[in-house]
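K.L.:
File follows, target-v6.tsv with TSV, C-alpha atoms and all ligand atoms:
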```tsv
chain	number	residue	atom	x	y	z
A	1	MET	CA	9.48	-18.68	-16.08
A	2	ASN	CA	9.31	-14.95	-16.55
A	3	GLN	CA	12.10	-13.47	-18.61
A	4	ILE	CA	13.92	-10.93	-16.48
A	5	SER	CA	15.14	-7.90	-18.29
A	6	PRO	CA	17.33	-5.47	-16.38
A	7	ILE	CA	15.52	-2.46	-14.95
A	8	LEU	CA	17.08	0.24	-17.04
A	9	LEU	CA	16.39	3.39	-15.11
A	10	GLU	CA	18.71	6.31	-14.93
A	11	THR	CA	18.54	6.96	-11.17
A	12	ASP	CA	18.78	4.73	-8.12
A	13	TRP	CA	15.76	4.53	-5.84
A	14	GLN	CA	17.09	6.82	-3.13
A	15	THR	CA	17.80	9.56	-5.66
A	16	SER	CA	14.36	9.09	-7.16
A	17	LEU	CA	12.89	9.35	-3.67
A	18	ARG	CA	14.79	12.57	-2.96
A	19	GLN	CA	13.69	14.05	-6.28
A	20	SER	CA	9.97	13.44	-5.63
A	21	ILE	CA	7.62	16.29	-6.48
A	22	CYS	CA	6.29	17.97	-3.33
A	23	SER	CA	5.06	21.24	-4.82
A	24	LEU	CA	1.51	21.57	-6.10
A	25	ASP	CA	2.51	24.18	-8.67
A	26	GLU	CA	5.22	21.92	-10.05
A	27	LEU	CA	2.88	18.93	-10.19
A	28	LEU	CA	0.26	20.90	-12.12
A	29	MET	CA	2.89	22.26	-14.47
A	30	ARG	CA	4.20	18.75	-15.12
A	31	VAL	CA	0.73	17.35	-15.90
A	32	ASN	CA	-0.28	20.43	-17.87
A	33	LEU	CA	-3.34	21.36	-15.80
A	34	SER	CA	-4.52	24.48	-13.96
A	35	HIS	CA	-5.47	24.67	-10.27
A	36	GLU	CA	-9.09	25.42	-11.18
A	37	SER	CA	-9.49	22.52	-13.59
A	38	VAL	CA	-8.75	19.98	-10.85
A	39	ASN	CA	-9.93	21.76	-7.66
A	40	ALA	CA	-6.36	21.77	-6.41
A	41	CYS	CA	-6.01	22.89	-2.79
A	42	PRO	CA	-2.75	24.12	-1.20
A	43	GLU	CA	-4.42	23.98	2.26
A	44	ALA	CA	-5.00	20.24	1.86
A	45	ALA	CA	-1.32	19.83	0.98
A	46	LYS	CA	-0.41	21.55	4.25
A	47	ASP	CA	-2.56	19.09	6.20
A	48	PHE	CA	-1.06	16.06	4.40
A	49	ALA	CA	1.90	16.80	2.16
A	50	LEU	CA	1.86	16.22	-1.55
A	51	ARG	CA	4.50	13.70	-2.58
A	52	VAL	CA	4.87	11.90	-5.89
A	53	PRO	CA	7.99	10.32	-7.40
A	54	THR	CA	8.84	10.79	-11.06
A	55	PRO	CA	8.40	7.17	-12.24
A	56	TYR	CA	4.76	7.30	-11.07
A	57	LEU	CA	4.25	10.84	-12.35
A	58	ASN	CA	5.36	9.73	-15.81
A	59	ARG	CA	2.39	7.35	-16.00
A	60	ILE	CA	-0.13	10.19	-15.54
A	61	GLU	CA	-1.76	11.34	-18.76
A	62	LYS	CA	-0.96	15.01	-19.34
A	63	GLY	CA	-3.94	17.34	-19.63
A	64	ASN	CA	-6.40	14.82	-18.20
A	65	PRO	CA	-8.04	16.16	-15.02
A	66	GLN	CA	-9.69	12.78	-14.42
A	67	ASP	CA	-6.55	10.69	-14.71
A	68	PRO	CA	-6.96	7.86	-12.15
A	69	LEU	CA	-3.33	8.08	-11.03
A	70	LEU	CA	-3.42	11.84	-10.68
A	71	LEU	CA	-6.54	11.76	-8.51
A	72	GLN	CA	-4.82	9.44	-6.04
A	73	ILE	CA	-2.13	11.98	-5.22
A	74	LEU	CA	-3.71	15.38	-5.89
A	75	PRO	CA	-4.66	17.51	-2.83
A	76	GLN	CA	-8.17	18.76	-3.61
A	77	THR	CA	-10.64	21.13	-1.97
A	78	TYR	CA	-12.92	18.20	-1.00
A	79	GLU	CA	-10.35	17.14	1.59
A	80	MET	CA	-11.11	20.17	3.73
A	81	GLU	CA	-14.72	19.10	4.34
A	82	ARG	CA	-15.58	17.17	7.51
A	83	TYR	CA	-18.23	14.46	7.71
A	84	PRO	CA	-19.72	12.42	10.54
A	85	GLY	CA	-18.30	8.91	10.74
A	86	TYR	CA	-14.82	10.05	9.66
A	87	SER	CA	-11.88	10.45	12.06
A	88	ASN	CA	-8.10	10.74	12.25
A	89	ASP	CA	-7.71	7.11	13.37
A	90	PRO	CA	-10.54	5.13	11.73
A	91	LEU	CA	-9.00	1.75	12.61
A	92	GLU	CA	-8.35	2.72	16.25
A	93	GLU	CA	-4.79	1.46	15.93
A	94	ARG	CA	-3.63	3.39	18.98
A	95	ASP	CA	-5.51	0.79	21.08
A	96	THR	CA	-3.51	-2.11	19.60
A	97	ASN	CA	-0.05	-0.57	19.90
A	98	PRO	CA	1.60	-2.38	22.88
A	99	ALA	CA	5.14	-1.19	22.03
A	100	PRO	CA	6.46	1.61	19.81
A	101	GLY	CA	6.33	0.50	16.17
A	102	LEU	CA	4.37	-2.67	16.93
A	103	ILE	CA	0.67	-3.21	16.24
A	104	HIS	CA	-0.88	-6.47	17.40
A	105	LYS	CA	-4.44	-6.75	16.14
A	106	TYR	CA	-4.86	-10.34	15.01
A	107	LYS	CA	-3.99	-13.76	16.40
A	108	GLY	CA	-0.69	-15.17	15.23
A	109	ARG	CA	0.62	-12.10	13.44
A	110	VAL	CA	1.97	-8.69	14.31
A	111	LEU	CA	2.55	-5.63	12.22
A	112	LEU	CA	5.73	-3.57	12.51
A	113	VAL	CA	5.76	0.06	11.43
A	114	LEU	CA	9.25	0.00	9.97
A	115	SER	CA	9.23	3.48	8.54
A	116	GLY	CA	7.02	6.54	8.68
A	117	ALA	CA	8.24	7.54	5.25
A	118	CYS	CA	6.37	6.85	2.05
A	119	ALA	CA	7.51	7.31	-1.51
A	120	ILE	CA	4.08	8.63	-2.43
A	121	ASN	CA	1.35	10.20	-0.38
A	122	CYS	CA	-2.00	8.66	-1.27
A	123	ARG	CA	-4.81	11.04	-0.42
A	124	TYR	CA	-7.08	8.26	0.91
A	125	CYS	CA	-4.42	6.79	3.23
A	126	PHE	CA	-5.94	5.70	6.56
A	127	ARG	CA	-2.59	6.39	8.25
A	128	ARG	CA	-2.38	9.97	6.97
A	129	HIS	CA	-2.63	11.15	10.60
A	130	PHE	CA	-0.74	8.25	12.19
A	131	PRO	CA	1.69	9.37	14.97
A	132	TYR	CA	4.83	8.07	13.27
A	133	GLN	CA	7.01	10.17	15.57
A	134	GLU	CA	5.85	8.08	18.54
A	135	ASN	CA	6.44	4.85	16.67
A	136	GLN	CA	9.98	5.07	15.45
A	137	LEU	CA	11.87	1.80	15.60
A	138	GLY	CA	15.29	2.79	16.89
A	139	ASN	CA	17.68	0.20	18.28
A	140	GLN	CA	16.13	0.27	21.74
A	141	GLN	CA	12.57	-0.08	20.40
A	142	TRP	CA	13.71	-2.87	18.08
A	143	GLN	CA	15.01	-4.82	21.09
A	144	GLN	CA	11.59	-4.32	22.74
A	145	VAL	CA	9.93	-5.72	19.60
A	146	LEU	CA	12.21	-8.76	19.59
A	147	SER	CA	11.51	-9.39	23.25
A	148	TYR	CA	7.73	-9.14	22.57
A	149	LEU	CA	8.05	-11.64	19.71
A	150	ASN	CA	10.24	-14.03	21.70
A	151	ASN	CA	7.73	-14.02	24.57
A	152	ASP	CA	4.72	-14.94	22.43
A	153	PRO	CA	5.13	-18.30	20.66
A	154	SER	CA	1.68	-17.90	19.07
A	155	ILE	CA	3.14	-15.30	16.69
A	156	THR	CA	4.18	-17.04	13.48
A	157	GLU	CA	4.03	-14.15	11.03
A	158	VAL	CA	5.53	-10.68	11.02
A	159	ILE	CA	4.22	-7.99	8.70
A	160	PHE	CA	6.50	-5.16	7.64
A	161	SER	CA	4.31	-2.11	7.16
A	162	GLY	CA	4.59	1.65	7.42
A	163	GLY	CA	4.63	4.22	5.95
A	164	ASP	CA	6.41	2.10	3.43
A	165	PRO	CA	8.70	-0.56	4.93
A	166	LEU	CA	10.83	-0.65	1.79
A	167	ALA	CA	11.80	2.97	2.47
A	168	THR	CA	14.21	1.26	4.90
A	169	PRO	CA	17.71	0.77	3.45
A	170	ASP	CA	18.66	-2.78	2.42
A	171	LYS	CA	21.36	-3.11	5.08
A	172	ARG	CA	18.95	-2.38	7.92
A	173	LEU	CA	16.31	-4.64	6.40
A	174	LYS	CA	18.86	-7.42	6.27
A	175	ASN	CA	19.75	-6.99	9.94
A	176	MET	CA	16.08	-6.94	10.94
A	177	ILE	CA	15.28	-10.06	8.94
A	178	ASN	CA	18.31	-11.82	10.42
A	179	ASP	CA	17.05	-10.98	13.92
A	180	LEU	CA	13.56	-12.27	13.10
A	181	GLU	CA	15.01	-15.52	11.77
A	182	LYS	CA	16.46	-16.15	15.23
A	183	VAL	CA	12.96	-16.22	16.75
A	184	PRO	CA	12.19	-19.91	16.28
A	185	HIS	CA	8.38	-19.67	16.01
A	186	ILE	CA	8.40	-16.97	13.28
A	187	LYS	CA	7.70	-18.74	9.97
A	188	ARG	CA	6.55	-16.06	7.61
A	189	LEU	CA	7.37	-12.49	6.70
A	190	ARG	CA	4.90	-10.34	4.81
A	191	ILE	CA	5.97	-7.03	3.29
A	192	HIS	CA	3.27	-4.52	2.43
A	193	SER	CA	4.73	-1.97	0.05
A	194	ARG	CA	3.87	0.47	-2.68
A	195	LEU	CA	7.51	1.27	-3.45
A	196	PRO	CA	8.03	-1.41	-6.16
A	197	VAL	CA	5.05	0.21	-7.93
A	198	VAL	CA	5.88	3.88	-7.57
A	199	ILE	CA	9.69	3.58	-7.81
A	200	PRO	CA	10.43	0.22	-9.48
A	201	GLN	CA	14.20	0.66	-8.97
A	202	ARG	CA	13.52	-0.18	-5.31
A	203	VAL	CA	13.64	-3.86	-6.22
A	204	THR	CA	17.43	-3.94	-6.03
A	205	ASP	CA	19.61	-7.00	-6.54
A	206	ASP	CA	20.66	-6.71	-2.89
A	207	LEU	CA	17.05	-6.70	-1.72
A	208	CYS	CA	16.28	-9.78	-3.81
A	209	GLU	CA	19.32	-11.57	-2.43
A	210	ILE	CA	18.30	-10.78	1.15
A	211	LEU	CA	14.78	-12.09	0.56
A	212	LYS	CA	15.94	-15.14	-1.37
A	213	SER	CA	18.42	-16.24	1.27
A	214	SER	CA	16.03	-15.96	4.23
A	215	ARG	CA	14.70	-19.07	5.96
A	216	LEU	CA	11.36	-17.25	6.28
A	217	LYS	CA	8.62	-17.77	3.70
A	218	ILE	CA	8.08	-14.32	2.24
A	219	ALA	CA	5.07	-12.67	0.64
A	220	CYS	CA	5.08	-9.18	-0.78
A	221	VAL	CA	1.69	-7.50	-0.93
A	222	LEU	CA	1.80	-4.70	-3.46
A	223	HIS	CA	-0.71	-1.88	-3.48
A	224	ILE	CA	-1.96	-1.19	-6.99
A	225	ASN	CA	-5.38	0.38	-7.52
A	226	HIS	CA	-5.47	0.80	-11.28
A	227	ALA	CA	-4.03	-1.08	-14.27
A	228	ASN	CA	-2.32	2.11	-15.50
A	229	GLU	CA	0.01	1.90	-12.49
A	230	ILE	CA	1.70	-1.17	-14.01
A	231	ASP	CA	4.28	-0.46	-16.69
A	232	CYS	CA	7.12	-2.64	-17.94
A	233	GLN	CA	9.49	-1.42	-15.23
A	234	VAL	CA	7.01	-2.36	-12.51
A	235	ALA	CA	6.59	-5.74	-14.24
A	236	ASP	CA	10.36	-6.27	-14.24
A	237	GLY	CA	10.50	-5.57	-10.49
A	238	ILE	CA	7.68	-8.04	-9.87
A	239	ALA	CA	9.54	-10.70	-11.86
A	240	LYS	CA	12.70	-10.08	-9.82
A	241	LEU	CA	10.79	-10.57	-6.57
A	242	GLN	CA	9.24	-13.77	-7.90
A	243	HIS	CA	12.65	-15.09	-8.90
A	244	ALA	CA	13.73	-14.43	-5.32
A	245	ASN	CA	11.01	-16.93	-4.25
A	246	VAL	CA	8.71	-14.17	-3.01
A	247	THR	CA	4.97	-14.73	-3.40
A	248	VAL	CA	3.59	-11.53	-4.86
A	249	LEU	CA	-0.02	-10.51	-4.14
A	250	ASN	CA	-1.93	-7.29	-4.60
A	251	GLN	CA	-4.35	-5.36	-2.49
A	252	ALA	CA	-6.32	-2.39	-3.72
A	253	VAL	CA	-8.68	0.17	-2.27
A	254	LEU	CA	-12.00	0.75	-3.98
A	255	LEU	CA	-12.01	4.46	-4.81
A	256	LYS	CA	-14.76	6.53	-6.36
A	257	GLY	CA	-13.67	8.14	-9.60
A	258	ILE	CA	-10.58	5.94	-9.81
A	259	ASN	CA	-11.46	2.26	-10.02
A	260	ASN	CA	-15.16	1.89	-9.15
A	261	SER	CA	-16.26	0.18	-12.34
A	262	VAL	CA	-16.37	-3.44	-13.42
A	263	ASP	CA	-14.23	-2.71	-16.49
A	264	CYS	CA	-11.56	-1.06	-14.39
A	265	LEU	CA	-11.41	-3.82	-11.77
A	266	LYS	CA	-11.44	-6.50	-14.46
A	267	GLU	CA	-8.57	-4.87	-16.32
A	268	LEU	CA	-6.60	-4.59	-13.07
A	269	SER	CA	-7.06	-8.27	-12.16
A	270	GLU	CA	-6.18	-9.43	-15.66
A	271	LYS	CA	-3.10	-7.25	-15.87
A	272	LEU	CA	-1.92	-8.40	-12.44
A	273	PHE	CA	-2.24	-12.01	-13.53
A	274	ASP	CA	-0.30	-11.28	-16.73
A	275	TYR	CA	2.60	-10.86	-14.29
A	276	LYS	CA	1.57	-13.79	-12.04
A	277	VAL	CA	0.27	-11.55	-9.26
A	278	LEU	CA	-2.94	-12.63	-7.55
A	279	PRO	CA	-5.50	-10.02	-6.50
A	280	TYR	CA	-5.81	-10.59	-2.76
A	281	TYR	CA	-8.01	-7.92	-1.17
A	282	LEU	CA	-10.18	-5.09	-2.41
A	283	PHE	CA	-10.79	-2.85	0.59
A	284	VAL	CA	-13.60	-0.40	0.91
A	285	LEU	CA	-12.41	2.99	2.13
A	286	ASP	CA	-11.28	3.41	5.72
A	287	ARG	CA	-13.07	6.57	6.74
A	288	VAL	CA	-10.22	8.91	7.50
A	289	HIS	CA	-10.79	12.68	7.55
A	290	GLY	CA	-10.19	14.18	4.12
A	291	SER	CA	-11.07	11.10	2.10
A	292	ALA	CA	-14.88	11.19	1.88
A	293	HIS	CA	-14.87	12.08	-1.82
A	294	PHE	CA	-13.42	8.62	-2.55
A	295	ASP	CA	-16.10	6.70	-0.67
A	296	VAL	CA	-18.08	3.98	-2.42
A	297	SER	CA	-20.99	2.67	-0.33
A	298	ASP	CA	-20.86	-0.94	0.83
A	299	ASN	CA	-23.97	-1.69	-1.27
A	300	ASP	CA	-22.37	-0.35	-4.43
A	301	ALA	CA	-19.12	-2.16	-3.64
A	302	ILE	CA	-20.97	-5.46	-3.23
A	303	LYS	CA	-22.84	-4.90	-6.50
A	304	LEU	CA	-19.54	-4.26	-8.28
A	305	ILE	CA	-17.84	-7.35	-6.92
A	306	THR	CA	-20.90	-9.46	-7.80
A	307	LEU	CA	-20.71	-8.23	-11.39
A	308	LEU	CA	-16.95	-8.86	-11.39
A	309	GLN	CA	-17.55	-12.45	-10.26
A	310	ALA	CA	-19.67	-12.96	-13.37
A	311	GLU	CA	-16.80	-11.73	-15.56
A	312	LEU	CA	-13.75	-13.47	-14.11
A	313	PRO	CA	-12.66	-16.82	-12.68
A	314	GLY	CA	-12.74	-16.90	-8.87
A	315	TYR	CA	-8.98	-16.63	-8.45
A	316	LEU	CA	-9.01	-13.24	-10.17
A	317	VAL	CA	-11.73	-11.79	-7.95
A	318	PRO	CA	-10.23	-10.12	-4.86
A	319	LYS	CA	-11.91	-10.52	-1.48
A	320	LEU	CA	-14.03	-7.46	-0.80
A	321	ALA	CA	-13.39	-6.46	2.80
A	322	ARG	CA	-13.61	-3.80	5.43
A	323	GLU	CA	-11.49	-3.51	8.53
A	324	ILE	CA	-13.64	-2.99	11.61
A	325	PRO	CA	-11.74	-2.11	14.79
A	326	GLY	CA	-11.92	-4.81	17.47
A	327	ARG	CA	-12.87	-7.65	15.12
A	328	PRO	CA	-10.56	-10.72	15.10
A	329	SER	CA	-10.02	-10.48	11.32
A	330	LYS	CA	-10.96	-8.41	8.30
A	331	THR	CA	-14.71	-8.45	7.63
A	332	LEU	CA	-15.70	-9.79	4.22
A	333	LEU	CA	-18.60	-8.05	2.49
A	334	PHE	CA	-21.14	-10.29	0.76
A	335	LEU	CA	-24.43	-9.95	-1.05
A	336	LYS	CA	-27.28	-10.64	1.39
A	337	GLU	CA	-29.85	-13.27	0.29
A	338	SER	CA	-32.64	-10.68	0.18
A	339	ASP	CA	-30.66	-8.26	-2.04
B	1	LIG	S1	2.00	4.24	0.29
B	1	LIG	FE1	0.61	3.21	1.71
B	1	LIG	S2	1.10	4.05	3.74
B	1	LIG	FE2	2.01	5.43	2.19
B	1	LIG	S3	0.46	7.02	1.83
B	1	LIG	FE3	0.13	5.42	0.29
B	1	LIG	S4	-1.42	4.08	1.23
B	1	LIG	FE4	-0.53	5.31	2.88
```
Would you give me this structure, written as structure tokens?
P.N.:
Amino acid sequence: MNQISPILLETDWQTSLRQSICSLDELLMRVNLSHESVNACPEAAKDFALRVPTPYLNRIEKGNPQDPLLLQILPQTYEMERYPGYSNDPLEERDTNPAPGLIHKYKGRVLLVLSGACAINCRYCFRRHFPYQENQLGNQQWQQVLSYLNNDPSITEVIFSGGDPLATPDKRLKNMINDLEKVPHIKRLRIHSRLPVVIPQRVTDDLCEILKSSRLKIACVLHINHANEIDCQVADGIAKLQHANVTVLNQAVLLKGINNSVDCLKELSEKLFDYKVLPYYLFVLDRVHGSAHFDVSDNDAIKLITLLQAELPGYLVPKLAREIPGRPSKTLLFLKESD
């Protein structure tokens, strides 16, 4: 059993969220870097706002323009360039959006966009242009979602996504989970969130109690791209979720200049397992406008994962995958025989 130590942080998660850094000048001042040294770009921040909460900011090494956490949140000049093959909606989610806030891509499971808010804005995010305004889940839309779920007994799993679904207050989450429990064929709830990583205080006692008392089997898929994102406060939050009977997994995105080396991926997998988290997926980049500077080619990604397989036991090697619109599942990327 993990030993749970209390998360001793001075502010609650909502205060931390409100106090997030949204100014490029302030960010650069806090990390002790100049605009020029990091190709900072105010225009890019207008297109997709800068947002970083203090607990995450504190893990960035001051004075290091290549810090892998900094590069995930820093608006840079490269974002203003446009390339063929990139778009605002690379996963064509608007075609799988039968009701506001509901995305039904795969058999047996639906994704609910619980919140358009995120605690951090990741520059490579494939939903950076998602029309959250059209997908707000108010009471009326929520009833539509419940009716959709009740009418399709093939749906056994609901995925809370976003934005970040844990930006939703505990009380509302509780009501939503209670409603889902009344749909007899729903067995599982999956929560995809970056909040326990970027603001660890989000793993409140109330949240854990809600998850623990549900009849649904619950998995939380965290989003951690680099081992430096995990500190002892993040580890404490993970332990709290596990003690609430939540299966904790991780998915990462393969990002050039951030985690595209065997050493980096190995360290991430090993650190995740130190806290009993299994690496689940490693996604190649979804080609959204503004993210091309993070792209790692499929060939290079496959080479990396092949080298990683030689370094780690199979359960610590995430599945390398790409999402291709219209396919019935994620597409796994493998080494071809002739390679
Ligand atoms: S937390 Fe997730 S949804 Fe929000 S910006 Fe980052 S990748 Fe996108």
K.L.:
Please identify all polymer residues within 6 Å of stretch 256-266 of chain A, counting only C-alpha atoms, omitting same-chain residues fewer than 4 positions from it, and present them as an MDAnalysis selection string.
P.N.:
chainID A and resid 68 294:296 308
K.L.:
To one decimal place, how far is atom CA of A:Tyr56 from atom CA of A:Ile302 in Å?
P.N.:
29.8 Å
K.L.:
Could you give me the residues within 8 Å of ligand LIG 1 (chain B), counting only C-alpha atoms and all ligand atoms, as an MDAnalysis selection string?
P.N.:
chainID A and resid 117:128 161:164 193:195 223
K.L.:
Pick out the residues sitting within 8 Å of stretch 59-62 of chain A, and hand them over as a PyMOL selection string; count only C-alpha atoms, and ignore anything fewer than 4 positions along from it in its own chain.
P.N.:
chain A and resi 30-33+55+67-70+228-229
K.L.:
Limited to C-alpha atoms, could you put the picked residues into a file as an mmCIF file, in the frame of the given file?
P.N.:
```
data_model
loop_
_atom_site.group_PDB
_atom_site.id
_atom_site.type_symbol
_atom_site.label_atom_id
_atom_site.label_comp_id
_atom_site.auth_asym_id
_atom_site.auth_seq_id
_atom_site.Cartn_x
_atom_site.Cartn_y
_atom_site.Cartn_z
ATOM 1 C CA ARG A 30 4.200 18.750 -15.120
ATOM 2 C CA VAL A 31 0.730 17.350 -15.900
ATOM 3 C CA ASN A 32 -0.280 20.430 -17.870
ATOM 4 C CA LEU A 33 -3.340 21.360 -15.800
ATOM 5 C CA PRO A 55 8.400 7.170 -12.240
ATOM 6 C CA ASP A 67 -6.550 10.690 -14.710
ATOM 7 C CA PRO A 68 -6.960 7.860 -12.150
ATOM 8 C CA LEU A 69 -3.330 8.080 -11.030
ATOM 9 C CA LEU A 70 -3.420 11.840 -10.680
ATOM 10 C CA ASN A 228 -2.320 2.110 -15.500
ATOM 11 C CA GLU A 229 0.010 1.900 -12.490
#
```
K.L.:
Which polymer residues have any atom within 6 Å of an atom of stretch 242-250 of chain A, counting all atoms listed in the file, with same-chain residues fewer than 5 positions away left out, as a PyMOL selection string?
P.N.:
chain A and resi 208+212+218-223+277-280
K.L.:
So, counting only C-alpha atoms, which residue among A:Leu112, A:Ile159, A:Leu216, A:Met80 is closest to A:Asn178?
P.N.:
A:Leu216
K.L.:
One decimal, Å: what's the distance from atom CA of A:Leu332 over to atom CA of A:Asn299, could you say?
P.N.:
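Distance reported for this atom pair: 12.8 Å.
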K.L.:
Return stretch 305-324 of chain A, completed with N, CA, C and O atoms, as a compact mmCIF listing (two decimals), in the frame of the given file.
P.N.:
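Dumped to rebuild_16.txt:
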```
# COMPACT_ATOMS: atom_id res chain seq x y z
N ILE A 305 -18.60 -6.10 -7.04
CA ILE A 305 -17.84 -7.35 -6.92
C ILE A 305 -18.69 -8.51 -7.43
O ILE A 305 -18.17 -9.48 -7.99
N THR A 306 -20.00 -8.41 -7.28
CA THR A 306 -20.90 -9.46 -7.80
C THR A 306 -20.82 -9.48 -9.33
O THR A 306 -20.75 -10.55 -9.95
N LEU A 307 -20.83 -8.30 -9.92
CA LEU A 307 -20.71 -8.23 -11.39
C LEU A 307 -19.33 -8.73 -11.84
O LEU A 307 -19.22 -9.42 -12.85
N LEU A 308 -18.31 -8.41 -11.04
CA LEU A 308 -16.95 -8.86 -11.39
C LEU A 308 -16.86 -10.39 -11.35
O LEU A 308 -16.21 -11.01 -12.20
N GLN A 309 -17.55 -10.98 -10.37
CA GLN A 309 -17.55 -12.45 -10.26
C GLN A 309 -18.13 -13.10 -11.51
O GLN A 309 -17.74 -14.21 -11.87
N ALA A 310 -19.06 -12.40 -12.15
CA ALA A 310 -19.67 -12.96 -13.37
C ALA A 310 -18.75 -12.81 -14.57
O ALA A 310 -18.99 -13.40 -15.62
N GLU A 311 -17.71 -12.02 -14.43
CA GLU A 311 -16.80 -11.73 -15.56
C GLU A 311 -15.51 -12.52 -15.51
O GLU A 311 -14.84 -12.68 -16.52
N LEU A 312 -15.10 -12.92 -14.29
CA LEU A 312 -13.75 -13.47 -14.11
C LEU A 312 -13.79 -14.79 -13.35
O LEU A 312 -14.71 -15.03 -12.56
N PRO A 313 -12.76 -15.63 -13.54
CA PRO A 313 -12.66 -16.82 -12.68
C PRO A 313 -12.42 -16.39 -11.23
O PRO A 313 -11.90 -15.30 -10.98
N GLY A 314 -12.79 -17.25 -10.30
CA GLY A 314 -12.74 -16.90 -8.87
C GLY A 314 -11.37 -16.42 -8.41
O GLY A 314 -11.28 -15.52 -7.58
N TYR A 315 -10.30 -17.00 -8.95
CA TYR A 315 -8.98 -16.63 -8.45
C TYR A 315 -8.56 -15.23 -8.87
O TYR A 315 -7.56 -14.70 -8.38
N LEU A 316 -9.31 -14.62 -9.78
CA LEU A 316 -9.01 -13.24 -10.17
C LEU A 316 -9.95 -12.22 -9.53
O LEU A 316 -9.90 -11.03 -9.85
N VAL A 317 -10.82 -12.71 -8.64
CA VAL A 317 -11.73 -11.79 -7.95
C VAL A 317 -11.20 -11.58 -6.53
O VAL A 317 -11.14 -12.51 -5.73
N PRO A 318 -10.76 -10.35 -6.21
CA PRO A 318 -10.23 -10.12 -4.86
C PRO A 318 -11.34 -10.22 -3.82
O PRO A 318 -12.52 -10.05 -4.14
N LYS A 319 -10.94 -10.48 -2.57
CA LYS A 319 -11.91 -10.52 -1.48
C LYS A 319 -12.28 -9.09 -1.12
O LYS A 319 -11.38 -8.28 -0.83
N LEU A 320 -13.57 -8.81 -1.17
CA LEU A 320 -14.03 -7.46 -0.80
C LEU A 320 -14.13 -7.41 0.72
O LEU A 320 -14.82 -8.23 1.33
N ALA A 321 -13.46 -6.45 1.33
CA ALA A 321 -13.39 -6.46 2.80
C ALA A 321 -13.35 -5.05 3.37
O ALA A 321 -13.00 -4.09 2.70
N ARG A 322 -13.74 -5.02 4.63
CA ARG A 322 -13.61 -3.80 5.43
C ARG A 322 -12.91 -4.17 6.72
O ARG A 322 -13.12 -5.27 7.24
N GLU A 323 -12.08 -3.28 7.21
CA GLU A 323 -11.49 -3.51 8.53
C GLU A 323 -12.35 -2.80 9.56
O GLU A 323 -12.58 -1.59 9.46
N ILE A 324 -12.83 -3.57 10.54
CA ILE A 324 -13.64 -2.99 11.61
C ILE A 324 -12.87 -3.15 12.91
O ILE A 324 -12.50 -4.27 13.29
```
